[in-house]
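Novice: Dropping in work36.cif, with mmCIF, C-alpha atoms.
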```
data_target
loop_
_atom_site.label_atom_id
_atom_site.label_comp_id
_atom_site.auth_asym_id
_atom_site.auth_seq_id
_atom_site.Cartn_x
_atom_site.Cartn_y
_atom_site.Cartn_z
CA MET A 1 105.64 114.07 114.90
CA THR A 2 108.88 115.40 116.26
CA SER A 3 109.12 117.05 119.64
CA ARG A 4 107.42 120.39 119.52
CA GLN A 5 107.60 123.66 121.37
CA SER A 6 104.51 124.78 123.26
CA LEU A 7 102.79 127.81 121.77
CA VAL A 8 101.05 128.76 125.04
CA GLY A 9 101.71 132.43 125.79
CA GLN A 10 102.92 133.05 122.22
CA PRO A 11 101.15 134.94 119.44
CA ALA A 12 99.21 132.42 117.34
CA PRO A 13 100.71 131.99 113.86
CA ASP A 14 98.42 133.86 111.48
CA PHE A 15 97.12 132.23 108.32
CA THR A 16 94.53 132.48 105.57
CA LEU A 17 92.88 129.29 104.27
CA PRO A 18 89.97 128.44 101.97
CA SER A 19 86.89 127.38 103.91
CA THR A 20 83.42 125.90 103.71
CA LEU A 21 82.10 129.44 104.25
CA GLY A 22 82.75 130.07 100.54
CA GLN A 23 85.57 132.48 101.23
CA ALA A 24 89.02 132.38 102.73
CA VAL A 25 89.28 132.67 106.50
CA THR A 26 92.11 134.67 108.08
CA LEU A 27 92.85 133.97 111.73
CA GLY A 28 93.87 137.58 112.38
CA SER A 29 90.42 138.81 111.31
CA TYR A 30 89.02 137.55 114.65
CA ARG A 31 91.51 139.58 116.68
CA GLY A 32 89.82 142.03 119.00
CA GLN A 33 86.44 140.41 118.37
CA GLN A 34 86.32 136.71 119.28
CA HIS A 35 88.37 133.96 120.84
CA VAL A 36 89.20 131.16 118.40
CA VAL A 37 89.16 127.42 119.06
CA LEU A 38 91.35 125.88 116.37
CA VAL A 39 90.70 122.15 115.99
CA PHE A 40 93.25 120.26 113.90
CA TYR A 41 92.17 116.76 112.86
CA PRO A 42 93.65 114.21 110.45
CA LEU A 43 90.99 113.38 107.85
CA ASP A 44 87.37 113.95 106.90
CA PHE A 45 85.26 110.75 106.92
CA SER A 46 87.58 108.97 109.38
CA PRO A 47 85.97 107.31 112.43
CA VAL A 48 87.39 109.44 115.27
CA CYS A 49 87.11 112.74 113.39
CA SER A 50 83.51 111.90 112.58
CA MET A 51 82.81 111.92 116.34
CA GLN A 52 84.98 114.90 117.26
CA LEU A 53 83.84 117.60 114.83
CA PRO A 54 80.11 116.89 115.21
CA GLU A 55 80.55 117.22 118.99
CA TYR A 56 82.13 120.66 118.55
CA SER A 57 79.47 121.63 116.02
CA GLY A 58 76.70 120.57 118.41
CA LEU A 59 78.11 122.90 121.06
CA GLN A 60 78.78 125.89 118.82
CA ASP A 61 76.05 127.95 120.51
CA GLU A 62 77.81 127.45 123.86
CA PHE A 63 81.12 128.41 122.26
CA ALA A 64 79.50 131.53 120.77
CA GLU A 65 78.04 132.45 124.20
CA ALA A 66 81.58 132.16 125.59
CA GLY A 67 82.79 134.57 122.92
CA ALA A 68 84.47 132.08 120.59
CA VAL A 69 84.33 130.70 117.08
CA VAL A 70 85.34 127.08 116.38
CA LEU A 71 87.38 126.40 113.23
CA GLY A 72 88.20 122.87 112.03
CA VAL A 73 91.43 122.49 110.06
CA ASN A 74 92.88 119.61 108.05
CA ARG A 75 94.47 118.76 104.71
CA ASP A 76 91.31 117.80 102.86
CA SER A 77 89.86 120.05 100.16
CA VAL A 78 86.91 122.39 100.65
CA TYR A 79 84.92 119.98 98.42
CA ALA A 80 85.62 117.03 100.73
CA HIS A 81 84.87 119.24 103.77
CA LYS A 82 81.49 120.24 102.32
CA ALA A 83 80.49 116.63 101.57
CA TRP A 84 81.59 115.48 105.03
CA ALA A 85 79.87 118.41 106.78
CA ALA A 86 76.63 117.68 104.89
CA GLU A 87 76.73 113.99 105.79
CA TYR A 88 77.50 114.55 109.48
CA GLY A 89 75.63 117.82 110.07
CA ILE A 90 78.80 119.76 110.87
CA GLU A 91 78.10 123.48 110.96
CA VAL A 92 81.44 124.89 112.14
CA PRO A 93 83.64 126.28 109.35
CA LEU A 94 86.13 123.74 108.01
CA LEU A 95 89.40 125.07 106.58
CA ALA A 96 91.49 123.39 103.88
CA ASP A 97 95.19 123.23 104.81
CA MET A 98 96.06 121.11 101.77
CA THR A 99 99.84 121.69 101.98
CA LEU A 100 99.92 121.23 105.80
CA GLU A 101 101.65 124.61 106.02
CA VAL A 102 99.41 125.79 108.88
CA ALA A 103 99.75 122.44 110.68
CA ARG A 104 103.53 122.89 110.45
CA GLN A 105 103.28 126.41 111.91
CA TYR A 106 101.43 124.94 114.88
CA GLY A 107 103.83 122.00 115.20
CA VAL A 108 101.20 119.34 114.50
CA ALA A 109 101.99 118.22 110.91
CA ILE A 110 102.76 114.53 110.46
CA ASP A 111 104.57 114.93 107.16
CA GLU A 112 105.42 111.27 106.65
CA ARG A 113 101.68 110.46 106.70
CA GLY A 114 100.53 113.62 104.94
CA VAL A 115 98.11 114.59 107.73
CA SER A 116 97.94 116.81 110.77
CA GLY A 117 97.81 115.43 114.25
CA ARG A 118 94.71 115.83 116.40
CA ALA A 119 95.15 119.03 118.40
CA VAL A 120 93.20 121.92 119.87
CA PHE A 121 94.47 125.47 120.34
CA LEU A 122 92.55 128.12 122.27
CA ILE A 123 93.49 131.58 121.01
CA ASP A 124 92.28 134.64 122.90
CA LYS A 125 90.92 137.86 121.40
CA GLU A 126 94.41 139.36 121.44
CA GLY A 127 95.66 136.53 119.22
CA VAL A 128 97.66 134.76 121.96
CA VAL A 129 97.56 130.98 122.44
CA ARG A 130 96.12 130.40 125.94
CA PHE A 131 95.68 126.62 125.88
CA GLU A 132 96.82 123.75 123.68
CA HIS A 133 96.28 120.02 123.68
CA VAL A 134 97.99 117.69 121.22
CA GLU A 135 96.87 114.06 121.25
CA ALA A 136 99.59 111.42 121.46
CA GLY A 137 98.21 109.61 118.41
CA THR A 138 95.81 110.46 115.59
CA GLY A 139 93.36 107.77 116.75
CA GLU A 140 93.07 109.30 120.21
CA TYR A 141 90.41 111.78 121.24
CA THR A 142 90.83 112.50 124.94
CA LEU A 143 90.06 116.23 125.07
CA ARG A 144 86.31 116.76 124.84
CA PRO A 145 84.77 120.08 123.75
CA GLU A 146 83.27 120.57 127.24
CA VAL A 147 86.80 120.83 128.66
CA VAL A 148 87.72 123.43 126.05
CA LEU A 149 84.52 125.33 126.91
CA ALA A 150 85.53 125.36 130.58
CA ARG A 151 88.96 126.77 129.64
CA LEU A 152 87.27 129.35 127.44
CA ARG A 153 84.96 130.46 130.23
CA GLU A 154 88.04 130.99 132.43
CA LEU A 155 89.20 133.57 129.85
CA GLY A 156 85.84 135.33 129.97
CA ALA A 157 83.74 136.49 127.05
CA GLY A 158 84.60 140.15 127.52
#
```
Just give me the structure as structure tokens.

Specialist:
Amino acid sequence: MTSRQSLVGQPAPDFTLPSTLGQAVTLGSYRGQQHVVLVFYPLDFSPVCSMQLPEYSGLQDEFAEAGAVVLGVNRDSVYAHKAWAAEYGIEVPLLADMTLEVARQYGVAIDERGVSGRAVFLIDKEGVVRFEHVEAGTGEYTLRPEVVLARLRELGAG
């Protein structure tokens, strides 16, 4: 990953991606309604990701109470996402960014490896990035969902 510009305080790049919900998900459709926690992760079925996404999924009620939806994003297909979600009990929507175009928009694509980095972006109801955390390496998972929840609660549900 090259050096990247922070998106905090900037409008979140909008996108539409296929998802495990059975329909495409557009980031802008949440504007005015819910905060969005965008979780980029490298690969389905990989060891660290198989800890991270289930942790977010297990806390989705708390995220909903705080006025947010959690969306997982990586380069795997919807078919791989569905198999992985079934095996690990992941209930948050998983989005297929198969060309890494969205990861590039957020500055987290690792093109030489064909994956996105591990990163979390907190986008408020107005569509502005309020918090971001990009891990130094794809094998690292230092930002736990509880920390993101605390940041979310600082924004307020209303």

Novice: For the file shown, report as an MDAnalysis selection string the outcome of the PyMOL selection byres ((chain A and resi 138) around 12) at residue level.

Specialist: chainID A and resid 1 40:43 46:49 52 108:110 113 115:119 134:137 139:142

Novice: Which of these, A:Val129, A:Leu94, A:Gln10, A:Ala80, has the shortest distance to Ala24 of chain A once you count all atoms listed in the file?

Specialist: A:Leu94

Novice: Take the PyMOL selection byres ((chain A and resi 104) around 12), apply it to the structure above, and return the hits as a PyMOL selection string.

Specialist: chain A and resi 1-2+4-5+13+15+40+74-75+97-103+105-111+114-117

Novice: What would the selection look like, as a PyMOL selection string, if the PyMOL selection byres ((chain A and resi 53-60) around 8) were run on the coordinates I just shared?

Specialist: chain A and resi 49-52+61-64+69-70+72+88-92+145

Novice: Once you have the residues from the selection above, write them out as a JSON list (two decimals), in the coordinates of the input, restricted to C-alpha atoms.

Specialist:
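So the final result, stored in out.json, reads:
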```
[["chain", "number", "residue", "atom", "x", "y", "z"],
["A", 49, "CYS", "CA", 87.11, 112.74, 113.39],
["A", 50, "SER", "CA", 83.51, 111.90, 112.58],
["A", 51, "MET", "CA", 82.81, 111.92, 116.34],
["A", 52, "GLN", "CA", 84.98, 114.90, 117.26],
["A", 61, "ASP", "CA", 76.05, 127.95, 120.51],
["A", 62, "GLU", "CA", 77.81, 127.45, 123.86],
["A", 63, "PHE", "CA", 81.12, 128.41, 122.26],
["A", 64, "ALA", "CA", 79.50, 131.53, 120.77],
["A", 69, "VAL", "CA", 84.33, 130.70, 117.08],
["A", 70, "VAL", "CA", 85.34, 127.08, 116.38],
["A", 72, "GLY", "CA", 88.20, 122.87, 112.03],
["A", 88, "TYR", "CA", 77.50, 114.55, 109.48],
["A", 89, "GLY", "CA", 75.63, 117.82, 110.07],
["A", 90, "ILE", "CA", 78.80, 119.76, 110.87],
["A", 91, "GLU", "CA", 78.10, 123.48, 110.96],
["A", 92, "VAL", "CA", 81.44, 124.89, 112.14],
["A", 145, "PRO", "CA", 84.77, 120.08, 123.75]]
```

Novice: For atom CA of His81 of chain A and atom CA of Ala96 of chain A, determine how far apart the two atoms are, in Å to one decimal place.

Specialist: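 A separation of 7.8 Å between them.
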